[in-house]
>>> print(open('run.tsv').read())   # TSV, C-alpha atoms
chain	number	residue	atom	x	y	z
A	652	MET	CA	-138.85	229.45	127.59
A	653	THR	CA	-142.49	228.87	128.47
A	654	PRO	CA	-144.30	227.42	125.41
A	655	LEU	CA	-146.55	229.82	123.55
A	656	ARG	CA	-150.19	228.74	123.77
A	657	ILE	CA	-152.20	228.92	120.54
A	658	ASP	CA	-155.95	228.57	121.05
A	659	ASN	CA	-157.94	226.51	118.57
A	660	GLU	CA	-159.52	229.38	116.68
A	661	THR	CA	-156.13	231.06	116.20
A	662	ALA	CA	-154.58	227.74	115.17
A	663	ARG	CA	-157.24	227.27	112.51
A	664	HIS	CA	-156.71	230.77	111.14
A	665	LEU	CA	-152.94	230.32	111.15
A	666	TRP	CA	-153.14	227.02	109.27
A	667	LEU	CA	-155.56	228.34	106.66
A	668	ASP	CA	-153.54	231.52	106.21
A	669	SER	CA	-150.37	229.43	105.74
A	670	GLN	CA	-152.23	227.48	103.06
A	671	GLY	CA	-153.37	230.53	101.13
A	672	LEU	CA	-156.98	230.15	102.27
A	673	GLY	CA	-157.09	232.99	104.76
A	674	ALA	CA	-157.90	235.74	102.27
A	675	PRO	CA	-160.45	235.97	99.45
A	676	PRO	CA	-159.29	234.16	96.25
A	677	THR	CA	-158.97	237.38	94.28
A	678	GLY	CA	-156.30	239.91	93.37
A	679	PRO	CA	-153.26	239.66	91.06
A	680	LEU	CA	-152.61	236.17	89.76
A	681	ASP	CA	-149.16	234.63	90.31
A	682	VAL	CA	-149.33	230.88	89.63
A	683	ALA	CA	-145.68	230.20	90.42
A	684	GLY	CA	-146.00	232.27	93.58
A	685	MET	CA	-149.00	230.24	94.75
A	686	ILE	CA	-147.08	227.01	94.28
A	687	ARG	CA	-144.07	228.49	96.08
A	688	ARG	CA	-146.26	229.46	99.01
A	689	LEU	CA	-147.78	225.98	99.24
A	690	GLY	CA	-144.47	224.19	98.68
A	691	PHE	CA	-146.02	221.72	96.24
A	692	VAL	CA	-149.28	221.01	94.44
A	693	GLN	CA	-150.35	217.40	94.01
A	694	LEU	CA	-151.13	216.17	90.52
A	695	ASP	CA	-154.05	213.83	89.89
A	696	SER	CA	-155.64	212.48	86.72
A	697	ILE	CA	-159.25	212.24	87.96
A	698	GLN	CA	-161.39	214.91	86.33
A	699	ILE	CA	-164.78	215.06	88.02
A	700	VAL	CA	-165.01	218.84	87.93
A	701	SER	CA	-161.42	219.85	87.19
A	702	ARG	CA	-158.24	217.92	87.89
A	703	ALA	CA	-156.99	218.30	91.44
A	704	HIS	CA	-153.97	220.50	90.65
A	705	HIS	CA	-156.10	222.99	88.73
A	706	HIS	CA	-158.80	223.08	91.40
A	707	ILE	CA	-156.22	223.59	94.18
A	708	LEU	CA	-154.75	226.62	92.43
A	709	TRP	CA	-158.19	227.99	91.55
A	710	SER	CA	-159.17	227.81	95.23
A	711	ARG	CA	-156.37	230.31	95.97
A	712	ASN	CA	-157.11	232.64	93.06
A	713	GLN	CA	-160.24	232.21	90.98
A	714	LYS	CA	-158.69	233.94	87.99
A	715	TYR	CA	-156.70	230.74	87.44
A	716	ARG	CA	-157.55	228.61	84.39
A	717	GLU	CA	-156.31	225.15	83.40
A	718	PRO	CA	-153.70	225.98	80.71
A	719	MET	CA	-151.76	228.22	83.08
A	720	LEU	CA	-149.95	225.49	85.02
A	721	ASP	CA	-148.42	223.93	81.92
A	722	ARG	CA	-147.06	227.32	80.86
A	723	VAL	CA	-145.41	227.76	84.26
A	724	MET	CA	-143.78	224.34	83.91
A	725	SER	CA	-142.97	224.01	80.20
A	726	ARG	CA	-142.36	227.63	79.21
A	727	ASP	CA	-141.20	229.39	82.36
A	728	ARG	CA	-139.50	226.37	83.99
A	729	ALA	CA	-140.65	227.82	87.32
A	730	VAL	CA	-141.64	224.40	88.69
A	731	PHE	CA	-140.55	220.82	88.23
A	732	GLU	CA	-142.46	217.60	88.68
A	733	HIS	CA	-141.47	214.88	91.11
A	734	PHE	CA	-142.70	212.76	94.03
A	735	THR	CA	-143.46	214.08	97.51
A	736	HIS	CA	-146.14	211.87	99.08
A	737	ASP	CA	-147.44	211.63	95.51
A	738	ALA	CA	-146.68	213.11	92.10
A	739	SER	CA	-146.53	216.89	92.53
A	740	VAL	CA	-145.21	220.10	91.03
A	741	ILE	CA	-142.53	221.73	93.18
A	742	PRO	CA	-140.90	225.19	92.91
A	743	MET	CA	-137.82	224.97	90.71
A	744	GLU	CA	-135.68	226.78	93.28
A	745	PHE	CA	-136.05	223.74	95.55
A	746	LEU	CA	-134.13	221.55	93.09
A	747	PRO	CA	-130.78	221.70	95.00
A	748	ILE	CA	-132.43	220.40	98.18
A	749	TRP	CA	-134.27	217.71	96.22
A	750	GLN	CA	-131.14	215.86	95.09
A	751	ARG	CA	-131.29	213.47	98.03
A	752	GLN	CA	-134.90	212.63	97.14
A	753	PHE	CA	-133.77	211.56	93.67
A	754	ARG	CA	-131.22	209.29	95.32
A	755	ARG	CA	-133.68	207.98	97.90
A	756	LYS	CA	-136.19	207.05	95.22
A	757	ARG	CA	-133.56	205.29	93.14
A	758	GLU	CA	-132.41	203.26	96.14
A	759	TYR	CA	-135.98	202.39	97.01
A	760	LEU	CA	-136.80	201.18	93.51
A	761	ASP	CA	-133.60	199.15	93.37
A	762	LYS	CA	-134.99	197.12	96.27
A	763	ALA	CA	-138.72	197.17	95.42
A	764	SER	CA	-140.15	193.77	94.49
A	765	TRP	CA	-143.12	195.41	92.75
A	766	PHE	CA	-140.70	197.08	90.30
A	767	ARG	CA	-139.57	193.76	88.83
A	768	GLY	CA	-139.14	193.62	85.09
A	769	LEU	CA	-137.12	196.85	85.00
A	770	PRO	CA	-134.90	196.92	81.88
A	771	ASP	CA	-131.19	196.75	82.61
A	772	ALA	CA	-128.77	199.68	82.36
A	773	ALA	CA	-128.05	199.10	78.65
A	774	GLU	CA	-131.73	199.02	77.74
A	775	ARG	CA	-132.41	202.14	79.79
A	776	ALA	CA	-129.51	203.86	78.06
A	777	ALA	CA	-131.09	203.04	74.69
A	778	ILE	CA	-134.33	204.70	75.77
A	779	ARG	CA	-132.39	207.71	77.00
A	780	ASP	CA	-130.53	207.90	73.68
A	781	ARG	CA	-133.84	208.00	71.81
A	782	ILE	CA	-135.02	210.93	73.92
A	783	GLU	CA	-131.71	212.70	73.42
A	784	ALA	CA	-131.96	212.29	69.64
A	785	GLU	CA	-135.71	212.74	69.10
A	786	GLY	CA	-136.65	215.15	71.88
A	787	PRO	CA	-139.35	214.71	74.55
A	788	LEU	CA	-141.23	211.40	74.31
A	789	SER	CA	-144.17	209.90	76.17
A	790	THR	CA	-144.86	206.30	77.04
A	791	HIS	CA	-146.98	206.10	73.87
A	792	ASP	CA	-143.84	206.45	71.76
A	793	PHE	CA	-142.64	203.01	72.88
A	794	ASP	CA	-144.21	199.63	72.25
A	795	SER	CA	-142.84	197.07	74.72
A	796	LYS	CA	-145.58	194.91	76.26
A	797	VAL	CA	-146.42	193.65	79.74
A	798	THR	CA	-145.02	190.16	80.24
A	799	ASP	CA	-146.06	189.44	83.86
A	800	ARG	CA	-149.85	189.20	83.68
A	801	THR	CA	-150.10	187.80	87.21
A	802	HIS	CA	-148.98	191.05	88.80
A	803	MET	CA	-151.86	193.49	89.35
A	804	TRP	CA	-149.79	196.63	88.83
A	805	ALA	CA	-147.61	195.23	86.04
A	806	ARG	CA	-146.47	197.82	83.49
A	807	PRO	CA	-144.64	197.58	80.17
A	808	PRO	CA	-140.83	197.48	80.51
A	809	HIS	CA	-140.40	200.83	78.77
A	810	LYS	CA	-142.79	202.44	81.27
A	811	LEU	CA	-140.79	200.98	84.16
A	812	ALA	CA	-137.59	202.34	82.64
A	813	LEU	CA	-139.04	205.81	82.06
A	814	ASP	CA	-140.43	205.94	85.60
A	815	TYR	CA	-137.17	204.70	87.11
A	816	MET	CA	-135.11	207.36	85.36
A	817	TRP	CA	-137.72	210.00	86.25
A	818	TYR	CA	-137.69	209.04	89.95
A	819	ALA	CA	-133.88	209.04	89.91
A	820	GLY	CA	-133.70	212.51	88.36
A	821	GLU	CA	-132.13	211.36	85.07
A	822	LEU	CA	-135.27	212.32	83.15
A	823	ALA	CA	-137.70	215.11	83.90
A	824	THR	CA	-141.23	216.00	82.91
A	825	CYS	CA	-140.96	218.48	80.07
A	826	HIS	CA	-144.69	219.10	79.66
A	827	ARG	CA	-148.02	217.28	79.65
A	828	VAL	CA	-150.68	216.96	76.96
A	829	ASN	CA	-154.11	215.97	78.31
A	830	PHE	CA	-152.25	214.74	81.39
A	831	THR	CA	-149.94	212.52	79.33
A	832	LYS	CA	-146.40	213.05	80.63
A	833	PHE	CA	-143.56	213.81	78.19
A	834	TYR	CA	-140.07	212.89	79.37
A	835	ASP	CA	-136.91	214.79	78.47
A	836	LEU	CA	-133.32	214.70	79.67
A	837	ALA	CA	-133.02	216.34	83.07
A	838	GLU	CA	-130.23	218.59	81.83
A	839	ARG	CA	-132.58	220.03	79.20
A	840	VAL	CA	-135.30	220.80	81.77
A	841	PHE	CA	-133.51	221.72	85.00
A	842	PRO	CA	-131.53	225.01	84.95
A	843	ARG	CA	-127.83	224.25	85.00
A	844	HIS	CA	-126.96	226.44	87.99
A	845	LEU	CA	-129.56	224.67	90.14
A	846	ARG	CA	-128.76	221.20	88.84
A	847	GLU	CA	-125.06	221.58	89.59
A	848	GLU	CA	-125.41	223.26	92.99
A	849	GLU	CA	-124.12	220.85	95.63
A	850	ILE	CA	-125.51	221.01	99.15
A	851	PRO	CA	-124.53	218.59	101.94
A	852	GLU	CA	-127.26	216.11	102.80
A	853	SER	CA	-127.59	217.38	106.35
A	854	GLU	CA	-128.23	220.88	105.03
A	855	GLN	CA	-130.75	219.54	102.52
A	856	VAL	CA	-132.68	217.93	105.39
A	857	SER	CA	-132.42	221.13	107.44
A	858	ARG	CA	-133.76	223.30	104.64
A	859	LEU	CA	-136.55	220.86	103.84
A	860	CYS	CA	-137.63	220.94	107.50
A	861	HIS	CA	-137.48	224.73	107.70
A	862	GLU	CA	-139.49	225.08	104.48
A	863	ALA	CA	-142.07	222.60	105.76
A	864	LEU	CA	-142.43	224.36	109.11
A	865	ASP	CA	-142.82	227.71	107.38
A	866	ARG	CA	-145.75	226.33	105.38
A	867	LEU	CA	-147.34	224.46	108.27
A	868	GLY	CA	-147.17	227.36	110.70
A	869	PHE	CA	-146.78	224.91	113.58
A	870	ALA	CA	-146.20	221.18	113.51
A	871	SER	CA	-145.19	218.05	115.33
A	872	VAL	CA	-142.19	216.04	114.14
A	873	THR	CA	-144.59	213.60	112.47
A	874	GLU	CA	-146.36	216.40	110.59
A	875	LEU	CA	-143.03	217.83	109.46
A	876	GLN	CA	-141.94	214.44	108.14
A	877	LYS	CA	-145.23	213.89	106.31
A	878	PHE	CA	-145.15	217.28	104.58
A	879	TRP	CA	-142.53	216.41	101.95
A	880	ASP	CA	-142.05	212.72	102.75
A	881	ALA	CA	-138.45	213.36	101.65
A	882	ALA	CA	-136.71	212.48	104.93
A	883	THR	CA	-137.16	209.85	107.60
A	884	ARG	CA	-138.77	210.54	110.94
A	885	ALA	CA	-135.42	209.97	112.63
A	886	GLU	CA	-133.79	212.59	110.40
A	887	VAL	CA	-136.53	215.11	111.18
A	888	GLN	CA	-136.34	214.30	114.89
A	889	ALA	CA	-132.57	214.89	114.86
A	890	TRP	CA	-133.07	218.21	113.06
A	891	ALA	CA	-135.67	219.35	115.59
A	892	ALA	CA	-133.27	218.55	118.45
A	893	ARG	CA	-130.43	220.66	117.07
A	894	ALA	CA	-132.11	223.40	115.03
A	895	GLU	CA	-131.87	226.97	116.23
A	896	GLY	CA	-134.62	229.56	116.09
A	897	LEU	CA	-137.52	227.24	116.86
A	898	ARG	CA	-140.33	228.00	119.31
A	899	ARG	CA	-142.03	225.45	121.47
A	900	VAL	CA	-145.78	225.93	121.34
A	901	GLU	CA	-148.91	224.28	122.70
A	902	VAL	CA	-151.82	224.08	120.28
A	903	GLN	CA	-155.42	223.62	121.33
A	904	THR	CA	-157.35	220.97	119.44
A	905	ALA	CA	-161.00	221.11	118.38
A	906	ARG	CA	-161.79	218.98	121.47
A	907	GLY	CA	-160.08	221.45	123.79
A	908	ASP	CA	-156.96	219.40	124.49
A	909	TRP	CA	-153.48	220.90	124.24
A	910	ILE	CA	-150.71	219.28	122.22
A	911	ASP	CA	-147.02	220.11	121.90
A	912	ALA	CA	-145.67	221.40	118.60
A	913	LEU	CA	-142.85	223.40	117.03
A	914	ALA	CA	-143.10	226.78	115.32
A	915	SER	CA	-140.73	229.22	113.66
A	916	ALA	CA	-139.22	232.08	115.61
A	917	ASP	CA	-141.59	234.57	113.93
A	918	ILE	CA	-144.74	232.83	115.19
A	919	ASP	CA	-145.80	235.85	117.31
A	920	ASP	CA	-145.62	238.14	114.28
A	921	ARG	CA	-147.52	235.65	112.12
A	922	ILE	CA	-150.31	235.44	114.66
A	923	ALA	CA	-150.43	239.23	115.08
A	924	GLY	CA	-150.77	239.61	111.30
A	925	LEU	CA	-153.77	237.31	110.98
A	926	THR	CA	-157.05	238.73	109.73
A	927	GLY	CA	-160.50	237.17	109.86
A	928	SER	CA	-161.31	234.35	107.44
A	929	GLY	CA	-164.66	235.88	106.50
A	930	SER	CA	-167.76	233.85	105.71
A	931	ARG	CA	-167.06	232.80	102.13
A	932	VAL	CA	-167.91	229.17	101.34
A	933	ARG	CA	-165.18	227.32	99.48
A	934	VAL	CA	-165.52	223.99	97.69
A	935	LEU	CA	-162.12	222.36	98.32
A	936	ASN	CA	-160.67	219.55	96.27
A	937	PRO	CA	-160.26	216.16	98.02
A	938	PHE	CA	-156.49	216.42	97.35
A	939	ASP	CA	-156.13	219.99	98.62
A	940	PRO	CA	-152.99	220.32	100.78
A	941	ALA	CA	-155.02	221.98	103.53
A	942	ILE	CA	-156.85	218.70	104.18
A	943	ARG	CA	-154.28	216.11	103.02
A	944	ASP	CA	-153.14	215.28	106.55
A	945	ARG	CA	-156.40	213.78	107.83
A	946	ALA	CA	-155.13	213.47	111.41
A	947	ARG	CA	-154.20	217.17	111.52
A	948	LEU	CA	-157.55	218.06	109.95
A	949	GLN	CA	-159.40	216.08	112.62
A	950	ARG	CA	-157.39	217.59	115.48
A	951	LEU	CA	-157.76	221.21	114.37
A	952	PHE	CA	-161.26	221.26	112.91
A	953	GLY	CA	-162.99	218.17	114.31
A	954	PHE	CA	-163.73	217.26	110.69
A	955	ASP	CA	-163.57	213.56	109.83
A	956	TYR	CA	-162.87	213.29	106.12
A	957	ARG	CA	-161.64	210.53	103.85
A	958	VAL	CA	-161.16	210.00	100.14
A	959	GLU	CA	-163.35	207.16	98.90
A	960	MET	CA	-162.67	206.88	95.18
A	961	PHE	CA	-160.51	203.83	95.88
A	962	VAL	CA	-163.03	202.29	98.31
A	963	PRO	CA	-165.50	199.69	96.92
A	964	ALA	CA	-168.87	201.35	96.32
A	965	ALA	CA	-170.65	199.19	98.91
A	966	LYS	CA	-168.21	200.32	101.62
A	967	ARG	CA	-168.33	204.06	100.94
A	968	ILE	CA	-169.78	206.29	103.62
A	969	TRP	CA	-170.22	209.31	101.38
A	970	GLY	CA	-169.43	208.82	97.71
A	971	TYR	CA	-166.88	208.41	94.93
A	972	TYR	CA	-165.57	212.00	94.81
A	973	VAL	CA	-166.88	214.20	97.60
A	974	PHE	CA	-165.73	217.79	98.17
A	975	PRO	CA	-165.41	219.28	101.66
A	976	LEU	CA	-167.00	222.67	102.25
A	977	LEU	CA	-164.98	225.29	104.12
A	978	GLU	CA	-166.77	228.35	105.46
A	979	GLY	CA	-164.47	230.86	107.06
A	980	SER	CA	-162.41	228.80	109.50
A	981	ARG	CA	-164.65	225.74	109.86
A	982	PHE	CA	-165.85	222.89	107.73
A	983	THR	CA	-169.60	222.97	107.34
A	984	GLY	CA	-170.41	220.03	105.10
A	985	ARG	CA	-169.64	217.90	102.05
A	986	ILE	CA	-170.96	217.97	98.54
A	987	GLU	CA	-170.83	215.55	95.64
A	988	ILE	CA	-170.70	217.41	92.33
A	989	LYS	CA	-169.81	216.45	88.78
A	990	ALA	CA	-169.33	218.49	85.62
A	991	ASP	CA	-171.49	217.31	82.72
A	992	ARG	CA	-169.79	219.06	79.84
A	993	LYS	CA	-172.12	217.66	77.21
A	994	LYS	CA	-175.07	219.30	78.95
A	995	GLY	CA	-173.01	222.32	79.98
A	996	ARG	CA	-173.85	222.08	83.65
A	997	LEU	CA	-172.46	221.30	87.08
A	998	ASP	CA	-174.58	218.60	88.71
A	999	VAL	CA	-175.02	218.63	92.49
A	1000	LEU	CA	-175.64	214.95	93.21
A	1001	ASN	CA	-175.56	214.84	97.01
A	1002	PHE	CA	-175.16	217.20	99.93
A	1003	TRP	CA	-174.34	216.48	103.58
A	1004	PRO	CA	-174.35	219.31	106.14
A	1005	GLU	CA	-172.21	218.78	109.22
A	1006	PRO	CA	-174.24	217.42	112.16
A	1007	GLY	CA	-175.71	220.11	114.37
A	1008	LEU	CA	-175.12	222.87	111.82
A	1009	ARG	CA	-178.11	224.65	110.28
A	1010	TRP	CA	-177.84	225.66	106.67
A	1011	THR	CA	-179.65	228.98	106.61
A	1012	PRO	CA	-180.80	230.54	103.33
A	1013	ALA	CA	-177.87	232.97	103.57
A	1014	ARG	CA	-175.35	230.14	103.99
A	1015	LEU	CA	-176.91	228.20	101.13
A	1016	GLY	CA	-176.78	231.33	99.00
A	1017	ARG	CA	-173.04	231.62	99.60
A	1018	LEU	CA	-172.59	228.00	98.53
A	1019	GLU	CA	-174.63	228.55	95.38
A	1020	ALA	CA	-172.52	231.61	94.56
A	1021	GLU	CA	-169.35	229.54	94.90
A	1022	LEU	CA	-170.75	226.75	92.72
A	1023	SER	CA	-171.62	229.34	90.10
A	1024	ARG	CA	-168.02	230.59	90.16
A	1025	LEU	CA	-166.75	227.01	89.94
A	1026	THR	CA	-168.60	226.51	86.63
A	1027	ARG	CA	-166.07	228.84	84.97
A	1028	LEU	CA	-163.18	226.57	85.90
A	1029	ALA	CA	-165.11	223.47	84.85
A	1030	GLY	CA	-166.09	224.98	81.49
A	1031	VAL	CA	-169.85	224.68	82.04
A	1032	VAL	CA	-172.62	227.24	82.43
A	1033	ASP	CA	-175.35	226.17	84.82
A	1034	VAL	CA	-175.68	224.47	88.22
A	1035	HIS	CA	-178.30	221.73	88.57
A	1036	TRP	CA	-179.30	220.32	91.98
A	1037	SER	CA	-180.78	216.85	92.32
A	1038	ALA	CA	-183.99	216.60	94.35
A	1039	GLU	CA	-182.12	214.62	97.04
A	1040	ALA	CA	-179.42	217.27	97.37
A	1041	ARG	CA	-181.98	220.09	97.54
A	1042	CYS	CA	-183.88	218.26	100.26
A	1043	ALA	CA	-180.70	217.66	102.29
A	1044	ALA	CA	-179.87	221.36	102.03
A	1045	GLY	CA	-183.32	222.23	103.35
A	1046	ALA	CA	-184.18	224.14	100.20
>>> encode(input="run.tsv", output="structure tokens")
Amino acid sequence: MTPLRIDNETARHLWLDSQGLGAPPTGPLDVAGMIRRLGFVQLDSIQIVSRAHHHILWSRNQKYREPMLDRVMSRDRAVFEHFTHDASVIPMEFLPIWQRQFRRKREYLDKASWFRGLPDAAERAAIRDRIEAEGPLSTHDFDSKVTDRTHMWARPPHKLALDYMWYAGELATCHRVNFTKFYDLAERVFPRHLREEEIPESEQVSRLCHEALDRLGFASVTELQKFWDAATRAEVQAWAARAEGLRRVEVQTARGDWIDALASADIDDRIAGLTGSGSRVRVLNPFDPAIRDRARLQRLFGFDYRVEMFVPAAKRIWGYYVFPLLEGSRFTGRIEIKADRKKGRLDVLNFWPEPGLRWTPARLGRLEAELSRLTRLAGVVDVHWSAEARCAAGA
């Protein structure tokens, strides 16, 4: 079959729609449904405005507020926490196809030199027995100390043991308090019918790939592998070679080139159902899944973005925590903002419009409206622009 050609503008709309950014962030609020649509939401402890996971969900529906995610996890058990490319919350119904990831992580840690100092099986069993008897515990409930001071990432033995059992699926996150993780026995967190469902590994890989492709809209084998990071590239390649119901497509990049990709059989219907992205300006989180794959972001939008909080200050191009600005189906700039809760305001520290793009008063007004809405998530009242940021915005 001749590959379907997807022009760049359509590809952008399809990707944003797949990521829940194609429609206004309004309407009925379904937190678990948003996570299900995305496939996962990355967790992060940095709180410049609001922690990444809260900001990501708010970007899809601005009725969202911070306590809601913990209720979905600890009360409703609609999601569980584990590792994709990073710590994330994942829809609970995906648990049966996540069993191989528990095994893969255990096998990896068994060989990892940086995980040295892990307590042996008897010591880990003692920690598990405490949790069984006392209920959910955090790392603060144990007092073993770091012994290897020469290792940069050295952690106390009890923390290594808790993490090991969490990665392996023996323990699960029960809830968090101020981002502190509480561990409980997996059988007390994961629903029994999902925990005991056995699916062959090949089918687990197949379902993971199908779920990834559904959320990507279209993808290369590399992009499929990177989505969950729960299978090897060879496994994904083998799936793509044998899977039925896939469409070969050619996707136009921001530069005008055409690249080969895969899409689901319903790609024509998905494209036909697209609506315009509008002109709303969105302040996206640096860890938003829509921009996590920097290579894909560059190809589709011509937007060169990187996270610089782990880059030495002298080597940063932009700043410590810089938010990309999405307007409709294109990225129009970056902004550095920080919530000052003592003063009750959102500080705009720096602003960088994309080269060649004029920030008209109307466009700036849409950004200011979005910043005003963002104050509600951050728990502040006002927005304060620095003189440098105002000047850069041409205001």
>>> closest_residue(input="run.tsv", among="A:Glu785, A:Glu1005, A:Asp695, A:Asp944", to="Glu978 (chain A)", atoms="all atoms listed in the file")
A:Glu1005
>>> residues_near_point(input="run.tsv", point="(-130.2, 211.7, 73.0)", cutoff="12 Å", atoms="only C-alpha atoms", output="ChimeraX atom specification")
/A:775-788,822,834-839
>>> residues_around(input="run.tsv", residues="Pro1006 (chain A)", least_positions_apart="5", cutoff="12 Å", atoms="all atoms listed in the file", output="PyMOL selection string")
chain A and resi 953-955+982-985+1043
>>> closest_atom_pairs(input="run.tsv", of="region 788-900 of chain A", to="region 658-674 of chain A", cutoff="12 Å", atoms="all atoms listed in the file", output="Markdown table")
| residue | atom | partner | partner_atom | distance |
| --- | --- | --- | --- | --- |
| A:Glu862 | CA | A:Ser669 | CA | 11.8 |
| A:Ala863 | CA | A:Ser669 | CA | 10.7 |
| A:Leu864 | CA | A:Ser669 | CA | 10.0 |
| A:Asp865 | CA | A:Ser669 | CA | 7.9 |
| A:Arg866 | CA | A:Ser669 | CA | 5.6 |
| A:Leu867 | CA | A:Ser669 | CA | 6.3 |
| A:Gly868 | CA | A:Trp666 | CA | 6.1 |
| A:Phe869 | CA | A:Trp666 | CA | 8.0 |
| A:Ala870 | CA | A:Trp666 | CA | 10.0 |
| A:Val900 | CA | A:Asp658 | CA | 10.5 |
>>> write_last_selection(input="run.tsv", atoms="C-alpha atoms", output="PDB file, keeping the file's coordinate frame")
ATOM      1  CA  GLU A 862    -139.490 225.080 104.480  1.00  0.00           C
ATOM      2  CA  ALA A 863    -142.070 222.600 105.760  1.00  0.00           C
ATOM      3  CA  LEU A 864    -142.430 224.360 109.110  1.00  0.00           C
ATOM      4  CA  ASP A 865    -142.820 227.710 107.380  1.00  0.00           C
ATOM      5  CA  ARG A 866    -145.750 226.330 105.380  1.00  0.00           C
ATOM      6  CA  LEU A 867    -147.340 224.460 108.270  1.00  0.00           C
ATOM      7  CA  GLY A 868    -147.170 227.360 110.700  1.00  0.00           C
ATOM      8  CA  PHE A 869    -146.780 224.910 113.580  1.00  0.00           C
ATOM      9  CA  ALA A 870    -146.200 221.180 113.510  1.00  0.00           C
ATOM     10  CA  VAL A 900    -145.780 225.930 121.340  1.00  0.00           C
TER      11      VAL A 900
END
>>> residues_around(input="run.tsv", residues="His736 (chain A)", least_positions_apart="2", cutoff="9 Å", atoms="all atoms listed in the file", output="JSON, numbers by chain")
{"A": [693, 734, 738, 739, 877, 878, 879, 880, 881]}
>>> write_last_selection(input="run.tsv", atoms="C-alpha atoms", output="compact mmCIF listing (two decimals), in the coordinates of the input")
# COMPACT_ATOMS: atom_id res chain seq x y z
CA GLN A 693 -150.35 217.40 94.01
CA PHE A 734 -142.70 212.76 94.03
CA ALA A 738 -146.68 213.11 92.10
CA SER A 739 -146.53 216.89 92.53
CA LYS A 877 -145.23 213.89 106.31
CA PHE A 878 -145.15 217.28 104.58
CA TRP A 879 -142.53 216.41 101.95
CA ASP A 880 -142.05 212.72 102.75
CA ALA A 881 -138.45 213.36 101.65
>>> closest_residue(input="run.tsv", among="A:Gly768, A:Pro975, A:Gly907, A:Pro940", to="Arg957 (chain A)", atoms="all atoms listed in the file")
A:Pro975
>>> closest_residue(input="run.tsv", among="A:His809, A:Arg1027, A:Arg933, A:Arg992", to="Phe974 (chain A)", atoms="only C-alpha atoms")
A:Arg933
>>> residues_near_point(input="run.tsv", point="(-135.0, 215.9, 108.8)", cutoff="10 Å", atoms="all atoms listed in the file", output="list of chain:residue names")
A:Glu852, A:Ser853, A:Glu854, A:Gln855, A:Val856, A:Ser857, A:Arg858, A:Leu859, A:Cys860, A:His861, A:Val872, A:Leu875, A:Gln876, A:Asp880, A:Ala881, A:Ala882, A:Thr883, A:Arg884, A:Ala885, A:Glu886, A:Val887, A:Gln888, A:Ala889, A:Trp890, A:Ala891
>>> closest_residue(input="run.tsv", among="A:Asn1001, A:Thr873, A:Phe691, A:Ile850", to="Asp737 (chain A)", atoms="all atoms listed in the file")
A:Phe691
